[in-house]
Protein chains: 2
Amino acid sequence: MQPNMRCMPRDHTGHEVLAVVLQVRDAGLSVLLWRRARPPYEGAWALPGGALGDTEGLGPSVRRQLAQKVDVRELSHLEQLETRGDPDRVPGRRVLATAYLGLIPADADPGLPGDTAWHPAGRLPEMAFDHAGIVAAGRHRLRNKLSYTNLGYALAPPEFTMSELSGLYRAALGYDVSATNLQRVLVRRGQIEPTGAAAAPGRSGGRPAARFRFRTRRLEVTDAFAVLRPPAPAGLEEREKA
Amino acid sequence: MQPNMRCMPRDHTGHEVLAVVLQVRDAGLSVLLWRRARPPYEGAWALPGGALGDTEGLGPSVRRQLAQKVDVRELSHLEQLETRGDPDRVPGRRVLATAYLGLIPADADPGLPGDTAWHPAGRLPEMAFDHAGIVAAGRHRLRNKLSYTNLGYALAPPEFTMSELSGLYRAALGYDVSATNLQRVLVRRGQIEPTGAAAAPGRSGGRPAARFRFRTRRLEVTDAFAVLRPPAPAGLEEREKA
DNA sequence: GGCAGTTTTCGACTGTCAGGCGAAAACTGA
DNA sequence: TCAGTTTTCGCCTGACAGTCGAAAACTGCC
């Protein structure tokens, strides 16, 4: 199309990174947004992020930008989402955006700057640029990965009861999840295990719940859900050890 | 396409698009590569792609670049894979690359330019830059999506027998897939249906196979495989109509 | 202390679906 | 007609999700 256009010195296309940071806050899925004080989209809400540094990797850049909004040490998970390159996604100039999905456990409550706040991911305020669509992509990714990976660890505190975990899944998935089934499924898959200690009995009585933890806090995919799975690779008992 | 050294000044970071184009060719999964004639990585093989135009969307750019290698009308599927931004993934200058996954049905045999050829995706030749990793990501994505979507349509010709389809899945997944089970699963999910016509009986005898087709040739996800699925949404019979 | 209320835990039952096996069907070539 | 080949169909099994109900374990009130 334009063989030499790539050498044009000016009007280069910029590149920015954005982050969809999600956390379950009081029984709902929330996303971290900041309010734009200047045009374009003055007063609208935007995802945290900013321009990619000249010698900076994408992942490190997200972490750096995010550090201006929250304590990044709270981040339990970070993965690349998608890159948007619509020529006019930003009015005036060409900016590509690579979006990341970040998760924060429900027990964390990082302090925020004045222009930044949590918003329910289901009912977004007026959003700048194409950020509403990016949030939707992030929610989608989270929903899917909760089903076939152990990503729940990224939403949950180090220890939890099944009721609490069920509440987290409910908030993230958008529908009720039976604590009974959730426990059976996650234990069978080896994702969670009881800690042994029982939780403090509830505020209004009731049998004290057992506490659980995720066995590993790094992403692992449940390959047992490949629909046409490979023939069982002989050994059966090493699955327990792995 | 190849890094143009005249543009070397490290003013801004450039952006290119790449495509992992996969096709099942004689019982194996193959990827489209071209051979670099100039340094860096002279003689090594690279993914098709090139610099993003200044006013060009990402998807259109991949299609444009790909048109120089194959007949893009053969492309049955195209989706974004990931963006690589390692500061030194390309020696000398900063180039971000957004990779796409493209699929071509097994019955197509597009003509190729002289520097371009199909290679077995399992045993790659010496690859330029980080392209080997990108091919691996593409194979991974294909394997996963074959399990929980109807993406098989993108590998298969308009009509096929179950033996042929089983061979395609075997090539893409890397392990044997029983034609019996595959038929039952895909029919139950409503992905494929018999065309009615029977295939020409085999070259060496045998019962003539029934021919099948995919009901739709657009991507649809098999939501029934969400592990913790939402409560059944009442109506049961409209699933048949959908 | 006993009893009602509450919450969690456990076991049993059902229905769906994938995987495997073998018999029957349908064709070719000798 | 018969052996060989390939596909198709039906049956069985085993895994697993979803539901329900009973039992367990606690609080608070009488």
# chains A, B, ... in the order shown; residues from 1 in each chain; ligands from 1

$ calpha_fit_rmsd --fixed "chain B" --moving "chain A"
4.3 Å

$ interface_residues --of "chain D" --to "chain A" --cutoff "8 Å" --atoms "only C-alpha atoms (C1' of nucleotides)" --output "PyMOL selection string"
chain D and resi 17-18+24-27

$ write_last_selection --atoms "N, CA, C and O atoms (P, O5', C5', C4', C3', O3' and C1' of nucleotides)" --output "short mmCIF file (atom, residue, chain, number, x, y, z; two decimals), in the first residue's frame"
data_model
loop_
_atom_site.label_atom_id
_atom_site.label_comp_id
_atom_site.auth_asym_id
_atom_site.auth_seq_id
_atom_site.Cartn_x
_atom_site.Cartn_y
_atom_site.Cartn_z
P DA D 17 -17.26 -31.74 37.54
"O5'" DA D 17 -18.64 -30.98 37.33
"C5'" DA D 17 -19.11 -30.78 36.01
"C4'" DA D 17 -20.62 -30.64 36.01
"C3'" DA D 17 -21.17 -29.69 37.06
"O3'" DA D 17 -22.25 -28.95 36.49
"C1'" DA D 17 -22.11 -31.84 37.36
P DG D 18 -22.76 -27.65 37.24
"O5'" DG D 18 -24.14 -28.12 37.86
"C5'" DG D 18 -25.14 -28.61 36.98
"C4'" DG D 18 -26.25 -29.23 37.79
"C3'" DG D 18 -26.68 -28.41 39.02
"O3'" DG D 18 -28.05 -28.09 38.89
"C1'" DG D 18 -26.37 -30.69 39.58
P DA D 24 -24.93 -36.76 62.94
"O5'" DA D 24 -24.01 -35.46 62.83
"C5'" DA D 24 -22.99 -35.42 61.84
"C4'" DA D 24 -22.35 -34.05 61.83
"C3'" DA D 24 -21.97 -33.50 63.20
"O3'" DA D 24 -20.69 -32.93 63.12
"C1'" DA D 24 -23.35 -31.95 62.09
P DA D 25 -19.79 -32.78 64.44
"O5'" DA D 25 -19.91 -31.23 64.75
"C5'" DA D 25 -19.38 -30.32 63.80
"C4'" DA D 25 -19.88 -28.94 64.11
"C3'" DA D 25 -19.80 -28.54 65.61
"O3'" DA D 25 -19.08 -27.34 65.72
"C1'" DA D 25 -21.90 -28.00 64.69
P DC D 26 -18.39 -26.98 67.09
"O5'" DC D 26 -19.21 -25.67 67.51
"C5'" DC D 26 -18.94 -24.48 66.84
"C4'" DC D 26 -20.21 -23.67 66.63
"C3'" DC D 26 -20.77 -22.96 67.86
"O3'" DC D 26 -20.11 -21.72 68.04
"C1'" DC D 26 -22.48 -23.71 66.33
P DT D 27 -20.47 -20.86 69.37
"O5'" DT D 27 -21.84 -20.16 68.98
"C5'" DT D 27 -21.91 -19.32 67.83
"C4'" DT D 27 -23.21 -18.55 67.83
"C3'" DT D 27 -23.51 -17.81 69.13
"O3'" DT D 27 -23.95 -16.49 68.85
"C1'" DT D 27 -25.29 -19.30 68.61
#

$ select_by_dssp --residues "stretch 137-225 of chain B" --states "helix (DSSP H, G or I)" --output "ChimeraX atom specification"
/B:137-148,151-154,162-173,179-188,223-225

$ write_last_selection --atoms "N, CA and C atoms" --output "tab-separated table (two decimals), in the first residue's frame"
chain	number	residue	atom	x	y	z
B	137	ALA	N	2.64	-20.36	19.98
B	137	ALA	CA	1.43	-19.77	20.54
B	137	ALA	C	0.24	-20.01	19.63
B	138	GLY	N	0.46	-19.93	18.33
B	138	GLY	CA	-0.62	-20.17	17.38
B	138	GLY	C	-1.12	-21.60	17.44
B	139	ARG	N	-0.19	-22.56	17.50
B	139	ARG	CA	-0.60	-23.96	17.58
B	139	ARG	C	-1.40	-24.20	18.85
B	140	HIS	N	-0.93	-23.61	19.93
B	140	HIS	CA	-1.62	-23.75	21.20
B	140	HIS	C	-3.04	-23.23	21.13
B	141	ARG	N	-3.18	-22.06	20.56
B	141	ARG	CA	-4.52	-21.47	20.45
B	141	ARG	C	-5.42	-22.36	19.62
B	142	LEU	N	-4.89	-22.86	18.52
B	142	LEU	CA	-5.70	-23.74	17.67
B	142	LEU	C	-6.13	-24.99	18.43
B	143	ARG	N	-5.20	-25.60	19.12
B	143	ARG	CA	-5.52	-26.82	19.86
B	143	ARG	C	-6.64	-26.57	20.86
B	144	ASN	N	-6.51	-25.49	21.61
B	144	ASN	CA	-7.53	-25.21	22.61
B	144	ASN	C	-8.87	-24.94	21.97
B	145	LYS	N	-8.89	-24.11	20.94
B	145	LYS	CA	-10.17	-23.70	20.38
B	145	LYS	C	-10.86	-24.85	19.66
B	146	LEU	N	-10.10	-25.81	19.16
B	146	LEU	CA	-10.75	-26.97	18.56
B	146	LEU	C	-11.60	-27.71	19.58
B	147	SER	N	-11.21	-27.61	20.86
B	147	SER	CA	-11.92	-28.36	21.88
B	147	SER	C	-13.23	-27.70	22.27
B	148	TYR	N	-13.27	-26.40	22.36
B	148	TYR	CA	-14.48	-25.78	22.91
B	148	TYR	C	-15.14	-24.80	21.96
B	151	LEU	N	-14.31	-24.40	15.69
B	151	LEU	CA	-13.26	-23.90	14.80
B	151	LEU	C	-12.84	-24.91	13.75
B	152	GLY	N	-13.22	-26.18	13.93
B	152	GLY	CA	-12.90	-27.18	12.94
B	152	GLY	C	-13.31	-26.78	11.52
B	153	TYR	N	-14.36	-25.99	11.42
B	153	TYR	CA	-14.82	-25.58	10.08
B	153	TYR	C	-13.72	-24.88	9.31
B	154	ALA	N	-12.81	-24.24	10.04
B	154	ALA	CA	-11.77	-23.47	9.36
B	154	ALA	C	-10.67	-24.35	8.80
B	162	MET	N	-16.23	-38.45	7.99
B	162	MET	CA	-15.73	-38.41	9.36
B	162	MET	C	-14.27	-38.86	9.43
B	163	SER	N	-13.87	-39.76	8.56
B	163	SER	CA	-12.47	-40.16	8.55
B	163	SER	C	-11.58	-38.98	8.20
B	164	GLU	N	-11.99	-38.24	7.18
B	164	GLU	CA	-11.19	-37.07	6.80
B	164	GLU	C	-11.12	-36.07	7.96
B	165	LEU	N	-12.28	-35.79	8.56
B	165	LEU	CA	-12.28	-34.82	9.65
B	165	LEU	C	-11.43	-35.30	10.82
B	166	SER	N	-11.56	-36.59	11.10
B	166	SER	CA	-10.74	-37.13	12.19
B	166	SER	C	-9.25	-36.94	11.90
B	167	GLY	N	-8.87	-37.11	10.62
B	167	GLY	CA	-7.48	-36.89	10.25
B	167	GLY	C	-7.05	-35.45	10.46
B	168	LEU	N	-7.94	-34.50	10.16
B	168	LEU	CA	-7.61	-33.09	10.36
B	168	LEU	C	-7.40	-32.80	11.85
B	169	TYR	N	-8.33	-33.32	12.67
B	169	TYR	CA	-8.20	-33.09	14.11
B	169	TYR	C	-6.92	-33.74	14.63
B	170	ARG	N	-6.63	-34.91	14.12
B	170	ARG	CA	-5.41	-35.57	14.56
B	170	ARG	C	-4.18	-34.73	14.24
B	171	ALA	N	-4.16	-34.19	13.04
B	171	ALA	CA	-3.00	-33.38	12.65
B	171	ALA	C	-2.89	-32.13	13.52
B	172	ALA	N	-4.02	-31.51	13.81
B	172	ALA	CA	-3.97	-30.26	14.56
B	172	ALA	C	-3.74	-30.50	16.05
B	173	LEU	N	-4.30	-31.58	16.58
B	173	LEU	CA	-4.20	-31.82	18.01
B	173	LEU	C	-2.94	-32.58	18.38
B	179	ALA	N	-12.89	-41.43	15.04
B	179	ALA	CA	-13.92	-40.86	14.17
B	179	ALA	C	-15.31	-41.07	14.78
B	180	THR	N	-15.50	-42.22	15.42
B	180	THR	CA	-16.79	-42.49	16.05
B	180	THR	C	-17.13	-41.44	17.10
B	181	ASN	N	-16.21	-41.25	18.02
B	181	ASN	CA	-16.48	-40.28	19.08
B	181	ASN	C	-16.62	-38.87	18.52
B	182	LEU	N	-15.74	-38.55	17.58
B	182	LEU	CA	-15.79	-37.19	17.03
B	182	LEU	C	-17.16	-36.92	16.41
B	183	GLN	N	-17.66	-37.87	15.66
B	183	GLN	CA	-18.98	-37.69	15.05
B	183	GLN	C	-20.05	-37.48	16.11
B	184	ARG	N	-20.03	-38.34	17.11
B	184	ARG	CA	-21.07	-38.24	18.14
B	184	ARG	C	-21.01	-36.90	18.86
B	185	VAL	N	-19.79	-36.48	19.21
B	185	VAL	CA	-19.65	-35.23	19.94
B	185	VAL	C	-20.08	-34.05	19.09
B	186	LEU	N	-19.59	-33.98	17.87
B	186	LEU	CA	-19.88	-32.80	17.06
B	186	LEU	C	-21.34	-32.75	16.63
B	187	VAL	N	-21.94	-33.92	16.42
B	187	VAL	CA	-23.36	-33.91	16.08
B	187	VAL	C	-24.19	-33.49	17.28
B	188	ARG	N	-23.83	-34.01	18.45
B	188	ARG	CA	-24.60	-33.64	19.63
B	188	ARG	C	-24.51	-32.15	19.90
B	223	ASP	N	-20.54	-23.24	24.95
B	223	ASP	CA	-20.63	-22.77	26.33
B	223	ASP	C	-20.93	-23.92	27.28
B	224	ALA	N	-21.39	-25.05	26.75
B	224	ALA	CA	-21.71	-26.17	27.63
B	224	ALA	C	-20.48	-26.66	28.37
B	225	PHE	N	-19.32	-26.14	28.00
B	225	PHE	CA	-18.13	-26.63	28.65
B	225	PHE	C	-17.55	-25.67	29.67

$ interface_residues --of "chain C" --to "chain B" --cutoff "6 Å" --atoms "only C-alpha atoms (C1' of nucleotides)" --output "number ranges by chain"
C: 26-28

$ residues_around --residues "D:DC12" --least-positions-apart "5" --cutoff "12 Å" --atoms "only C-alpha atoms (C1' of nucleotides)" --output "ChimeraX atom specification"
/C:19-22

$ residues_around --residues "D:DC30" --least-positions-apart "5" --cutoff "12 Å" --atoms "only C-alpha atoms (C1' of nucleotides)" --output "list in words"
DG1, DG2, DC3 and DA4 of chain C

$ residues_around --residues "stretch 28-34 of chain B" --least-positions-apart "4" --cutoff "7 Å" --atoms "only C-alpha atoms (C1' of nucleotides)" --output "PDB file with C-alpha atoms, in the first residue's frame"
ATOM      1  CA  VAL B  20       0.771 -17.587  11.816  1.00  0.00           C
ATOM      2  CA  VAL B  21      -1.038 -19.190   8.901  1.00  0.00           C
ATOM      3  CA  LEU B  22      -1.807 -22.843   9.534  1.00  0.00           C
ATOM      4  CA  GLN B  23      -3.156 -25.516   7.254  1.00  0.00           C
ATOM      5  CA  VAL B  24      -3.354 -29.289   7.430  1.00  0.00           C
ATOM      6  CA  TRP B  45      12.666 -18.362   8.048  1.00  0.00           C
ATOM      7  CA  ALA B  46      10.148 -15.779   9.194  1.00  0.00           C
ATOM      8  CA  LEU B  47       6.426 -15.300   9.532  1.00  0.00           C
ATOM      9  CA  PRO B  48       4.686 -13.271   6.849  1.00  0.00           C
ATOM     10  CA  ASP B 115      10.638 -17.299  -1.168  1.00  0.00           C
ATOM     11  CA  THR B 116       7.612 -18.768   0.587  1.00  0.00           C
ATOM     12  CA  ALA B 117       6.849 -22.345   1.573  1.00  0.00           C
ATOM     13  CA  TRP B 118       4.893 -24.549   3.950  1.00  0.00           C
ATOM     14  CA  HIS B 119       6.792 -26.104   6.827  1.00  0.00           C
ATOM     15  CA  PRO B 120       5.671 -28.714   9.321  1.00  0.00           C
ATOM     16  CA  ALA B 121       4.583 -26.787  12.393  1.00  0.00           C
ATOM     17  CA  ALA B 171      -3.003 -33.378  12.647  1.00  0.00           C
ATOM     18  CA  ALA B 172      -3.973 -30.261  14.564  1.00  0.00           C
TER      19      ALA B 172
END

$ residues_around --residues "B:Asp130" --least-positions-apart "6" --cutoff "9 Å" --atoms "only C-alpha atoms (C1' of nucleotides)" --output "list in words"
Arg84, Arg89 and Val90 of chain B

$ write_last_selection --atoms "N, CA, C and O atoms" --output "compact mmCIF listing (two decimals), in the first residue's frame"
# COMPACT_ATOMS: atom_id res chain seq x y z
N ARG B 84 3.92 -8.88 21.02
CA ARG B 84 5.23 -9.03 21.65
C ARG B 84 5.93 -7.68 21.63
O ARG B 84 5.98 -7.00 20.61
N ARG B 89 13.65 -7.71 20.85
CA ARG B 89 13.22 -8.87 20.07
C ARG B 89 13.69 -8.75 18.62
O ARG B 89 13.82 -9.73 17.91
N VAL B 90 13.94 -7.51 18.20
CA VAL B 90 14.54 -7.26 16.89
C VAL B 90 15.83 -6.50 17.12
O VAL B 90 15.81 -5.44 17.76

$ closest_residue --among "B:Val221, B:Val135, B:Leu103, B:Leu58" --to "chain A" --atoms "only C-alpha atoms"
B:Leu58

$ select_by_dssp --residues "stretch 45-223 of chain A" --states "strand (DSSP E)" --output "VMD selection string"
chain A and resid 45 to 46 49 to 51 77 to 84 95 to 104 116 to 120 160 to 161 192 to 198 210 to 214

$ atom_distance --atom1 "atom CA of A:Gly102" --atom2 "atom CA of A:Gln80"
8.9 Å

$ closest_residue --among "B:Ser76, B:Thr98, B:Thr216, B:Thr195" --to "chain A" --atoms "only C-alpha atoms"
B:Thr98

$ residues_around --residues "B:Gln191" --least-positions-apart "5" --cutoff "7 Å" --atoms "only C-alpha atoms (C1' of nucleotides)" --output "PyMOL selection string"
chain B and resi 150+186+214-215

$ atom_distance --atom1 "atom C1' of D:DT13" --atom2 "atom CA of A:Ile192"
28.8 Å

$ atom_distance --atom1 "atom C1' of D:DC9" --atom2 "atom CA of B:Val177"
18.2 Å

$ closest_residue --among "B:Gly122, B:Pro40, B:Gly57, B:Pro91" --to "chain A" --atoms "only C-alpha atoms"
B:Gly57
